[in-house]
Amino acid sequence: MLIKRPQDISENEVTAYSLYQGRRDFLKTLGGVALLGAGGLPLTVSARSGAATSEELTPYDDITSYNNFIELGAGKYAPAEEAGSLRPRPWSVTVDGECAKPGKFALDDLLKLNPVEERIYRLRCVEGWSMVIPWQGFPLGKMLKRFEPTSKAKFVRFETLYDPKQMPEQRSRAFDWPYVEGLRIDEAMHPLTLMATGLYGKDLPGQSGAPLRLVVPWKYGYKSAKSIVRISFVEKMPTSLWMATVPDEYGFYANVNPNVSHPRWSQKRERRIGEFFKRPTEMFNGYADQVASLYRGMDLKENY
Amino acid sequence: MQIREPWFSKVFKPAVFMLALTPVAWLAWGVWQDTLGANPVEYLTRSLGEWTLRFLLLTLLISTLRRATGWVQGMRLRRMLGLFAFFYGVLHLFSYLWLDQFFDWGEIWRDILKRPFITAGMLAFLLMVPLALTSFRAAMRKLGRNWQRLHRLVYPLTLLGVLHFWWLAESKQRLDMPLVYAIVLAILLGERVYQAVRGRWLGNSSSRVAARVGAPARPESA
C-alpha cells in the first residue's frame with residue numbers, strides 16, 4: 001500500500017538546519033525580539049512529523065490584530081483592543097476529575113515542569129480564513145500524564161477564565177459562560193496537540209489567549225480554548241459553549257473537513273490571511289497523515 | 001424646512017451626491033493603502049453590504065420625513081439615494097461573486113440554494129434591478145400607475161436585505177448590528193402601516209391611502 005506523505009512537509013525538511021536557522025533569523029528580524037530574548041528559552045523545532053510547516057508565516061501584526069475571542073469583544077478587531085483588561089499573571093490552573101493527582105497549580109510551576117518547544121502550525125478558522133503561526137508551548141499529553149488520568153478519563157474538558165472584570169463581554173448574557181471546550185482523551189494525548197504559551201517568541205498577548213491556550217491544529221480554531229483556568233478529566237463528552245449555543249452549526253469534533261459544509265459557510269476553500277486568491281482546504285487541515293487514524297470508521301458528516 | 005433655489009439644486013443636492021460617494025472612496029483608499037485590516041476582502045464585502053442597507057433605509061426615510069415634518073424637498077433626493085443603494089448593492093454582489101467565489105458559478109448556485117442568507121441577499125438584489133432600470137422619468141411616465149406599484153417592491157426587498165444581514169450573524173448571539181437595521185426598518189414600515197390604517201379610519205378609500213403612502217418621487221422641477 002502506498003503511504004502518502006503530506007505534500008508540504010517531509011521529515012528532513014523540518015529538521016533541515018538551514019531552514020531552522022533561517023526561520024530563527026526571520027523571527028528575530030520580524031519579532032524584534034530574539035527568541036533568546038524571551039527568557040533565554042532554548043527553543044527547538046521538534047522533528048515530529050507535522051510539527052512545523054515550512055509555509056510562509058503570517059505576520060505577527062495580523063495574528064495579533066485579527067482574532068476571535070468572544071469574551072473580549074464581538075468582531076475581529078475588538079479582542080485586541082480590549083485585551084488590556086486581561087491579567088495573565090498571577091495565573092493558576094485547576095486540574096480535577098478522573099485522575100490520581102488533581103490539584104491547583106501555579107502557571108509558573110507548570111512551566112518549570114514542561115519545557116517549551118516551537119511548533120509552526122496552520123490555523124484554520126471555521127469562518128473560512130487561515131494563518132500560519134509559530135507557537136511556543138508544550139505537548140498537552142505530556143503535561144496531562146503527570147496528573148495520572150484514570151481509565152474513566154474518556155474526555156478532557158477545558159474551561160476559560162470567567163471574570164467579567166477582565167473579560168468585558170462576559171457582562172453580557174449572550175452566552176452561557178464560561179467558555180468550555182473538550183477533546184477526546186486520545187485527541188488530547190496526540191503529540192500535535194499543544195498547550196501554547198507564546199507566539200513569535202513572545203508571551204501570548206491577551207487576544208491570543210494569554211497566558212495558556214490550547215492549539216489543536218487539525219480542528220477549527222474555536223476548539224482551541226483560550227486563557228485556560230481549569231482542566232477536567234471526565235467520563236462523558238463535555239458540551240462546549242458553541243455546541244450548547246448553536247447545536248446545528250457546531251459539533252464536538254470540529255475537524256477541518258472540506259467535504260462537510262457549515263450552514264453559513266462552505267468549507268471547501270479558505271483565504272490565507274495576506275493572500276488574494278483562496279486555496280483549497282485540506283482534510284484535517286493538512287494533518288491527515290498524523291490524525292486520520294483517530295477517526296477511522298467514524299462518519300465525519302454525522303460527527304461534525 | 002425649505003432650502004431656497006438655486007441652493008438646493010446647485011449646492012445641497014450635489015453635496016449629498018458627493019457625501020454618498022465617500023464610503024466607496026474611503027474603501028478604495030483603504031484597499032490601495034492597505035488599511036482595511038488583516039482580511040481586507042472580508043472588510044470590503046461587509047462594508048459594501050452595510051452601505052447598501054443604509055442607503056435603502058435612507059431612501060425609505062425620505063417620504064417618512066415628508067409626512068412627519070412636511071419637508072417636501074427631500075423627495076427630490078429619493079431617486080438619487082435609491083440609485084446609490086443599487087450602486088453599493090452592485091459592488092457588494094460583485095465583491096461576493098469575484099473576491100469570495102472567483103466566479104465559480106456552480107459553487108455560487110449551490111450557495112444560493114443552500115444558504116438562506118445568500119438566497120435572501122440574492123433575491124433582494126434581483127428585486128432592485130427593475131427599480132433601478134425604471135428610475136428615469138420616461139419610464140415613470142410610460143408605466144403610469146404601474147410604476148408606483150412596481151416600486152413598492154422596495155419594501156420586500158429592504159426586508160430581504162435586513163434578513164440577509166440577520167441570518168449572516170452568528171445565530172442568535174451576535175445580532176446587535178442587524179438588530180439596529182431591523183429596528184429602523186420596523187419604524188419606517190410601521191409608520192406606513194400606521195398611515196394606511198389611520199387613512200382608512202378617516203374614511204379615505206384604500207387606494208388613495210396606498211397612493212399617498214407609496215407616492216412616487218415628483219418629477220423634478222429643476
# chains A, B, ... in the order shown; residues from 1 in each chain; ligands from 1

call {"tool": "interface_residues", "arguments": {"of": "chain A", "to": "chain B", "cutoff": "10 Å", "atoms": "only C-alpha atoms", "output": "PDB file with C-alpha atoms, in the first residue's frame"}}
result
ATOM      1  CA  THR A  58       1.525  35.058   8.820  1.00  0.00           C
ATOM      2  CA  PRO A  59       2.867  38.416  10.066  1.00  0.00           C
ATOM      3  CA  ASP A  61       0.579  42.039  13.476  1.00  0.00           C
ATOM      4  CA  ASP A  62      -2.081  40.115  11.575  1.00  0.00           C
ATOM      5  CA  ILE A  63      -2.046  37.225  14.043  1.00  0.00           C
ATOM      6  CA  THR A  64      -2.478  39.590  16.962  1.00  0.00           C
ATOM      7  CA  SER A  65      -4.973  42.050  15.473  1.00  0.00           C
ATOM      8  CA  TYR A  66      -7.466  39.737  13.760  1.00  0.00           C
ATOM      9  CA  ASN A  67      -8.913  37.463  16.403  1.00  0.00           C
ATOM     10  CA  ALA A  74     -17.534  40.935  19.161  1.00  0.00           C
ATOM     11  CA  GLY A  75     -15.938  41.280  15.762  1.00  0.00           C
ATOM     12  CA  LYS A  76     -12.401  40.610  14.665  1.00  0.00           C
ATOM     13  CA  TYR A  77     -10.651  43.705  15.961  1.00  0.00           C
ATOM     14  CA  TRP A 129      -9.724  32.083   6.775  1.00  0.00           C
ATOM     15  CA  ARG A 173     -25.785  37.325  28.762  1.00  0.00           C
ATOM     16  CA  ALA A 174     -25.400  36.498  25.083  1.00  0.00           C
ATOM     17  CA  PHE A 175     -23.594  33.303  26.009  1.00  0.00           C
ATOM     18  CA  THR A 245     -25.415  27.761  21.844  1.00  0.00           C
ATOM     19  CA  VAL A 246     -25.786  26.767  18.194  1.00  0.00           C
ATOM     20  CA  ASP A 248     -26.768  22.742  14.340  1.00  0.00           C
ATOM     21  CA  GLU A 249     -23.668  24.759  13.470  1.00  0.00           C
ATOM     22  CA  HIS A 262     -21.168  24.639   7.725  1.00  0.00           C
ATOM     23  CA  PRO A 263     -24.709  26.063   7.449  1.00  0.00           C
ATOM     24  CA  ARG A 264     -23.314  29.509   6.675  1.00  0.00           C
ATOM     25  CA  TRP A 265     -20.017  28.703   5.023  1.00  0.00           C
ATOM     26  CA  SER A 266     -18.799  26.186   2.513  1.00  0.00           C
ATOM     27  CA  LYS A 268     -14.081  23.826   0.538  1.00  0.00           C
ATOM     28  CA  ARG A 269     -11.747  26.775   0.357  1.00  0.00           C
ATOM     29  CA  GLU A 270     -10.093  29.247   2.635  1.00  0.00           C
ATOM     30  CA  ARG A 271      -8.414  32.601   2.403  1.00  0.00           C
ATOM     31  CA  ARG A 272      -4.952  32.560   3.876  1.00  0.00           C
ATOM     32  CA  ILE A 273      -4.566  35.921   5.589  1.00  0.00           C
ATOM     33  CA  GLY A 274      -2.401  38.082   3.349  1.00  0.00           C
ATOM     34  CA  GLU A 275      -3.335  36.271   0.147  1.00  0.00           C
ATOM     35  CA  PHE A 276      -5.726  37.371  -2.553  1.00  0.00           C
ATOM     36  CA  PHE A 277      -6.783  34.056  -4.033  1.00  0.00           C
ATOM     37  CA  LYS A 278      -8.397  31.375  -1.953  1.00  0.00           C
TER      38      LYS A 278
END

call {"tool": "atom_distance", "arguments": {"atom1": "CA of Trp177 (chain A)", "atom2": "CA of Arg46 (chain B)"}}
result
28.5 Å

call {"tool": "atom_distance", "arguments": {"atom1": "CA of Gly97 (chain A)", "atom2": "CA of Ala244 (chain A)"}}
result
21.3 Å

call {"tool": "closest_residue", "arguments": {"among": "B:Lys13, B:Arg4, B:Arg200, B:His151", "to": "Leu77 (chain B)", "atoms": "only C-alpha atoms"}}
result
B:Lys13

call {"tool": "residues_around", "arguments": {"residues": "His164 (chain B)", "least_positions_apart": "5", "cutoff": "12 Å", "atoms": "only C-alpha atoms", "output": "VMD selection string"}}
result
(chain A and resid 264) or (chain B and resid 46 49 to 50 52 to 53 112 115 to 125 157 to 159 169 178 181 to 182)

call {"tool": "closest_residue", "arguments": {"among": "B:Phe86, B:Glu191, B:Trp105, B:Arg149", "to": "Met128 (chain B)", "atoms": "only C-alpha atoms"}}
result
B:Phe86

call {"tool": "atom_distance", "arguments": {"atom1": "CA of Phe147 (chain A)", "atom2": "CA of Gly50 (chain A)"}}
result
26.4 Å

call {"tool": "select_by_dssp", "arguments": {"residues": "region 184-228 of chain A", "states": "alpha helix (DSSP H)", "output": "PyMOL selection string"}}
result
chain A and resi 185-189

call {"tool": "write_last_selection", "arguments": {"atoms": "N, CA and C atoms", "output": "CSV table (one decimal), in the first residue's frame"}}
result
chain,number,residue,atom,x,y,z
A,185,ILE,N,-9.9,11.9,24.9
A,185,ILE,CA,-8.6,11.7,25.6
A,185,ILE,C,-7.5,11.4,24.6
A,186,ASP,N,-7.8,10.6,23.5
A,186,ASP,CA,-6.8,10.3,22.6
A,186,ASP,C,-6.4,11.6,21.7
A,187,GLU,N,-7.4,12.4,21.5
A,187,GLU,CA,-7.1,13.7,20.8
A,187,GLU,C,-6.2,14.6,21.7
A,188,ALA,N,-6.5,14.6,23.0
A,188,ALA,CA,-5.8,15.4,23.9
A,188,ALA,C,-4.3,14.9,24.1
A,189,MET,N,-4.2,13.6,24.0
A,189,MET,CA,-2.8,13.0,24.1
A,189,MET,C,-2.0,13.0,22.9

call {"tool": "residues_around", "arguments": {"residues": "Met80 (chain B)", "least_positions_apart": "3", "cutoff": "10 Å", "atoms": "only C-alpha atoms", "output": "JSON list (two decimals) with N, CA and C atoms, in the first residue's frame"}}
result
[["chain", "number", "residue", "atom", "x", "y", "z"],
["B", 13, "LYS", "N", -27.99, 69.34, -3.24],
["B", 13, "LYS", "CA", -28.08, 68.02, -3.87],
["B", 13, "LYS", "C", -26.71, 67.50, -4.31],
["B", 16, "VAL", "N", -24.96, 66.18, -1.27],
["B", 16, "VAL", "CA", -25.43, 64.85, -0.86],
["B", 16, "VAL", "C", -24.82, 63.78, -1.77],
["B", 17, "PHE", "N", -24.76, 64.10, -3.04],
["B", 17, "PHE", "CA", -24.17, 63.17, -4.02],
["B", 17, "PHE", "C", -22.72, 62.85, -3.66],
["B", 20, "ALA", "N", -22.47, 60.76, -0.57],
["B", 20, "ALA", "CA", -22.85, 59.36, -0.81],
["B", 20, "ALA", "C", -21.71, 58.59, -1.46],
["B", 55, "PHE", "N", -28.33, 52.88, 2.56],
["B", 55, "PHE", "CA", -28.94, 53.71, 1.52],
["B", 55, "PHE", "C", -30.39, 53.30, 1.27],
["B", 59, "THR", "N", -33.43, 55.89, 1.74],
["B", 59, "THR", "CA", -34.42, 56.09, 0.68],
["B", 59, "THR", "C", -35.83, 56.02, 1.26],
["B", 75, "MET", "N", -37.98, 64.77, -1.24],
["B", 75, "MET", "CA", -38.43, 63.84, -2.27],
["B", 75, "MET", "C", -37.56, 63.92, -3.52],
["B", 76, "ARG", "N", -36.93, 65.07, -3.70],
["B", 76, "ARG", "CA", -36.08, 65.23, -4.88],
["B", 76, "ARG", "C", -34.72, 64.58, -4.70],
["B", 77, "LEU", "N", -34.48, 64.02, -3.50],
["B", 77, "LEU", "CA", -33.23, 63.28, -3.28],
["B", 77, "LEU", "C", -33.46, 61.77, -3.35],
["B", 83, "LEU", "N", -30.75, 55.02, -6.09],
["B", 83, "LEU", "CA", -29.74, 54.57, -7.06],
["B", 83, "LEU", "C", -28.39, 54.31, -6.39],
["B", 84, "PHE", "N", -28.10, 55.06, -5.33],
["B", 84, "PHE", "CA", -26.87, 54.77, -4.58],
["B", 84, "PHE", "C", -26.98, 53.41, -3.87],
["B", 85, "ALA", "N", -28.18, 53.10, -3.38],
["B", 85, "ALA", "CA", -28.38, 51.77, -2.78],
["B", 85, "ALA", "C", -28.07, 50.71, -3.83],
["B", 86, "PHE", "N", -28.55, 50.92, -5.03],
["B", 86, "PHE", "CA", -28.29, 49.96, -6.10],
["B", 86, "PHE", "C", -26.80, 49.90, -6.43],
["B", 135, "SER", "N", -35.94, 53.93, -13.14],
["B", 135, "SER", "CA", -35.87, 55.09, -12.24],
["B", 135, "SER", "C", -35.85, 56.42, -12.99]]

call {"tool": "closest_residue", "arguments": {"among": "A:Ala78, A:Ala51, A:Val126, A:Ile120", "to": "Tyr304 (chain A)", "atoms": "only C-alpha atoms"}}
result
A:Val126

call {"tool": "select_by_dssp", "arguments": {"residues": "region 8-250 of chain A", "states": "strand (DSSP E or B)", "output": "PyMOL selection string"}}
result
chain A and resi 45+52+92-97+99+103-106+117-124+129-139+149+155-160+180-184+194-199+202-203+213-215+219+228-234

call {"tool": "residues_around", "arguments": {"residues": "region 63-69 of chain B", "least_positions_apart": "2", "cutoff": "8 Å", "atoms": "only C-alpha atoms", "output": "count of residues only"}}
result
9

call {"tool": "residues_around", "arguments": {"residues": "region 216-230 of chain A", "least_positions_apart": "3", "cutoff": "6 Å", "atoms": "only C-alpha atoms", "output": "list in words"}}
result
Val93, Thr94, Val95, Leu123, Arg124, Cys125, Val126, Phe158, Glu159, Thr160, Leu161, Thr193, Gly209, Ala210, Pro211, Leu212, Arg213, Ala254, Asn255, Val256, Phe284, Asn285 and Tyr287 of chain A

call {"tool": "residues_around", "arguments": {"residues": "Phe69 (chain A)", "least_positions_apart": "2", "cutoff": "6 Å", "atoms": "only C-alpha atoms", "output": "list in words"}}
result
Glu71, Leu72 and Pro79 of chain A

call {"tool": "write_last_selection", "arguments": {"atoms": "N, CA and C atoms", "output": "tab-separated table (two decimals), in the first residue's frame"}}
result
chain	number	residue	atom	x	y	z
A	71	GLU	N	-15.00	36.52	24.57
A	71	GLU	CA	-15.05	37.14	25.89
A	71	GLU	C	-14.52	38.57	25.86
A	72	LEU	N	-13.66	38.84	24.88
A	72	LEU	CA	-13.04	40.17	24.82
A	72	LEU	C	-13.75	41.10	23.84
A	79	PRO	N	-11.16	42.11	20.15
A	79	PRO	CA	-10.34	41.43	21.16
A	79	PRO	C	-8.98	42.10	21.40

call {"tool": "decode", "arguments": {"residues": "region 99-203 of chain B", "atoms": "C-alpha atoms", "output": "PDB file, in the first residue's frame"}}
result
ATOM      1  CA  LEU B  99     -13.410  38.029  -4.370  1.00  0.00           C
ATOM      2  CA  ASP B 100     -15.298  35.381  -2.455  1.00  0.00           C
ATOM      3  CA  GLN B 101     -16.255  32.873  -5.146  1.00  0.00           C
ATOM      4  CA  PHE B 102     -13.970  33.833  -8.050  1.00  0.00           C
ATOM      5  CA  PHE B 103     -16.922  33.326 -10.408  1.00  0.00           C
ATOM      6  CA  ASP B 104     -17.287  29.643  -9.591  1.00  0.00           C
ATOM      7  CA  TRP B 105     -20.887  29.575 -10.831  1.00  0.00           C
ATOM      8  CA  GLY B 106     -21.576  26.026  -9.658  1.00  0.00           C
ATOM      9  CA  GLU B 107     -20.492  26.915  -6.154  1.00  0.00           C
ATOM     10  CA  ILE B 108     -22.443  30.189  -6.273  1.00  0.00           C
ATOM     11  CA  TRP B 109     -25.589  28.374  -7.341  1.00  0.00           C
ATOM     12  CA  ARG B 110     -25.180  25.835  -4.542  1.00  0.00           C
ATOM     13  CA  ASP B 111     -24.701  28.720  -2.104  1.00  0.00           C
ATOM     14  CA  ILE B 112     -27.942  30.337  -3.279  1.00  0.00           C
ATOM     15  CA  LEU B 113     -29.899  27.115  -2.886  1.00  0.00           C
ATOM     16  CA  LYS B 114     -28.351  26.026   0.368  1.00  0.00           C
ATOM     17  CA  ARG B 115     -27.767  29.099   2.478  1.00  0.00           C
ATOM     18  CA  PRO B 116     -30.830  31.149   3.379  1.00  0.00           C
ATOM     19  CA  PHE B 117     -28.825  34.336   3.904  1.00  0.00           C
ATOM     20  CA  ILE B 118     -27.408  34.111   0.382  1.00  0.00           C
ATOM     21  CA  THR B 119     -30.858  33.324  -1.036  1.00  0.00           C
ATOM     22  CA  ALA B 120     -32.327  36.390   0.685  1.00  0.00           C
ATOM     23  CA  GLY B 121     -29.479  38.657  -0.408  1.00  0.00           C
ATOM     24  CA  MET B 122     -29.618  37.495  -3.998  1.00  0.00           C
ATOM     25  CA  LEU B 123     -33.386  37.923  -4.134  1.00  0.00           C
ATOM     26  CA  ALA B 124     -33.112  41.415  -2.656  1.00  0.00           C
ATOM     27  CA  PHE B 125     -30.611  42.335  -5.333  1.00  0.00           C
ATOM     28  CA  LEU B 126     -32.747  40.916  -8.152  1.00  0.00           C
ATOM     29  CA  LEU B 127     -35.694  42.973  -6.953  1.00  0.00           C
ATOM     30  CA  MET B 128     -33.558  46.106  -7.032  1.00  0.00           C
ATOM     31  CA  VAL B 129     -32.770  45.686 -10.712  1.00  0.00           C
ATOM     32  CA  PRO B 130     -36.189  46.588 -12.185  1.00  0.00           C
ATOM     33  CA  LEU B 131     -36.408  49.565  -9.827  1.00  0.00           C
ATOM     34  CA  ALA B 132     -33.059  50.900 -10.956  1.00  0.00           C
ATOM     35  CA  LEU B 133     -33.932  50.287 -14.602  1.00  0.00           C
ATOM     36  CA  THR B 134     -37.184  52.234 -14.314  1.00  0.00           C
ATOM     37  CA  SER B 135     -35.867  55.088 -12.235  1.00  0.00           C
ATOM     38  CA  PHE B 136     -35.708  57.648 -15.031  1.00  0.00           C
ATOM     39  CA  ARG B 137     -38.538  59.973 -15.904  1.00  0.00           C
ATOM     40  CA  ALA B 138     -39.525  58.445 -19.250  1.00  0.00           C
ATOM     41  CA  ALA B 139     -40.072  55.059 -17.593  1.00  0.00           C
ATOM     42  CA  MET B 140     -42.093  56.741 -14.893  1.00  0.00           C
ATOM     43  CA  ARG B 141     -44.364  58.362 -17.484  1.00  0.00           C
ATOM     44  CA  LYS B 142     -44.678  55.259 -19.567  1.00  0.00           C
ATOM     45  CA  LEU B 143     -45.581  52.989 -16.661  1.00  0.00           C
ATOM     46  CA  GLY B 144     -48.045  55.419 -15.104  1.00  0.00           C
ATOM     47  CA  ARG B 145     -49.809  53.884 -12.129  1.00  0.00           C
ATOM     48  CA  ASN B 146     -47.874  50.676 -12.585  1.00  0.00           C
ATOM     49  CA  TRP B 147     -44.638  52.491 -11.856  1.00  0.00           C
ATOM     50  CA  GLN B 148     -45.829  53.092  -8.368  1.00  0.00           C
ATOM     51  CA  ARG B 149     -46.962  49.523  -7.910  1.00  0.00           C
ATOM     52  CA  LEU B 150     -43.642  48.257  -9.200  1.00  0.00           C
ATOM     53  CA  HIS B 151     -41.652  50.495  -6.910  1.00  0.00           C
ATOM     54  CA  ARG B 152     -43.445  49.216  -3.848  1.00  0.00           C
ATOM     55  CA  LEU B 153     -41.023  46.312  -4.263  1.00  0.00           C
ATOM     56  CA  VAL B 154     -38.676  48.460  -2.225  1.00  0.00           C
ATOM     57  CA  TYR B 155     -40.446  47.221   0.923  1.00  0.00           C
ATOM     58  CA  PRO B 156     -39.999  43.461   0.456  1.00  0.00           C
ATOM     59  CA  LEU B 157     -36.510  43.933  -0.945  1.00  0.00           C
ATOM     60  CA  THR B 158     -35.328  46.004   2.012  1.00  0.00           C
ATOM     61  CA  LEU B 159     -36.860  43.436   4.322  1.00  0.00           C
ATOM     62  CA  LEU B 160     -34.915  40.729   2.472  1.00  0.00           C
ATOM     63  CA  GLY B 161     -31.767  42.819   2.791  1.00  0.00           C
ATOM     64  CA  VAL B 162     -32.160  43.071   6.557  1.00  0.00           C
ATOM     65  CA  LEU B 163     -32.916  39.339   6.757  1.00  0.00           C
ATOM     66  CA  HIS B 164     -29.769  38.678   4.703  1.00  0.00           C
ATOM     67  CA  PHE B 165     -27.736  40.504   7.356  1.00  0.00           C
ATOM     68  CA  TRP B 166     -29.679  38.918  10.219  1.00  0.00           C
ATOM     69  CA  TRP B 167     -29.133  35.379   9.012  1.00  0.00           C
ATOM     70  CA  LEU B 168     -25.456  36.003   8.380  1.00  0.00           C
ATOM     71  CA  ALA B 169     -24.925  36.864  12.037  1.00  0.00           C
ATOM     72  CA  GLU B 170     -23.787  34.191  14.438  1.00  0.00           C
ATOM     73  CA  SER B 171     -27.154  32.645  15.068  1.00  0.00           C
ATOM     74  CA  LYS B 172     -28.973  34.495  17.802  1.00  0.00           C
ATOM     75  CA  GLN B 173     -25.788  35.620  19.515  1.00  0.00           C
ATOM     76  CA  ARG B 174     -24.406  38.490  17.555  1.00  0.00           C
ATOM     77  CA  LEU B 175     -27.449  40.366  16.436  1.00  0.00           C
ATOM     78  CA  ASP B 176     -26.524  43.832  17.736  1.00  0.00           C
ATOM     79  CA  MET B 177     -25.862  45.345  14.318  1.00  0.00           C
ATOM     80  CA  PRO B 178     -28.581  43.525  12.367  1.00  0.00           C
ATOM     81  CA  LEU B 179     -30.950  44.470  15.172  1.00  0.00           C
ATOM     82  CA  VAL B 180     -30.241  48.170  14.630  1.00  0.00           C
ATOM     83  CA  TYR B 181     -31.173  47.854  10.951  1.00  0.00           C
ATOM     84  CA  ALA B 182     -34.230  45.765  11.786  1.00  0.00           C
ATOM     85  CA  ILE B 183     -35.477  48.350  14.284  1.00  0.00           C
ATOM     86  CA  VAL B 184     -35.004  51.242  11.840  1.00  0.00           C
ATOM     87  CA  LEU B 185     -36.835  49.283   9.154  1.00  0.00           C
ATOM     88  CA  ALA B 186     -39.614  48.371  11.579  1.00  0.00           C
ATOM     89  CA  ILE B 187     -40.089  52.059  12.407  1.00  0.00           C
ATOM     90  CA  LEU B 188     -40.156  53.055   8.737  1.00  0.00           C
ATOM     91  CA  LEU B 189     -42.579  50.288   7.767  1.00  0.00           C
ATOM     92  CA  GLY B 190     -44.621  50.783  10.935  1.00  0.00           C
ATOM     93  CA  GLU B 191     -45.120  54.418  10.096  1.00  0.00           C
ATOM     94  CA  ARG B 192     -46.503  53.443   6.693  1.00  0.00           C
ATOM     95  CA  VAL B 193     -48.855  50.891   8.180  1.00  0.00           C
ATOM     96  CA  TYR B 194     -49.964  53.480  10.717  1.00  0.00           C
ATOM     97  CA  GLN B 195     -50.658  55.998   7.938  1.00  0.00           C
ATOM     98  CA  ALA B 196     -52.622  53.428   5.975  1.00  0.00           C
ATOM     99  CA  VAL B 197     -54.714  52.374   8.949  1.00  0.00           C
ATOM    100  CA  ARG B 198     -55.320  55.953  10.013  1.00  0.00           C
ATOM    101  CA  GLY B 199     -56.292  56.831   6.454  1.00  0.00           C
ATOM    102  CA  ARG B 200     -58.862  54.051   6.439  1.00  0.00           C
ATOM    103  CA  TRP B 201     -60.249  55.193   9.775  1.00  0.00           C
ATOM    104  CA  LEU B 202     -60.658  58.679   8.463  1.00  0.00           C
ATOM    105  CA  GLY B 203     -62.726  57.243   5.647  1.00  0.00           C
TER     106      GLY B 203
END
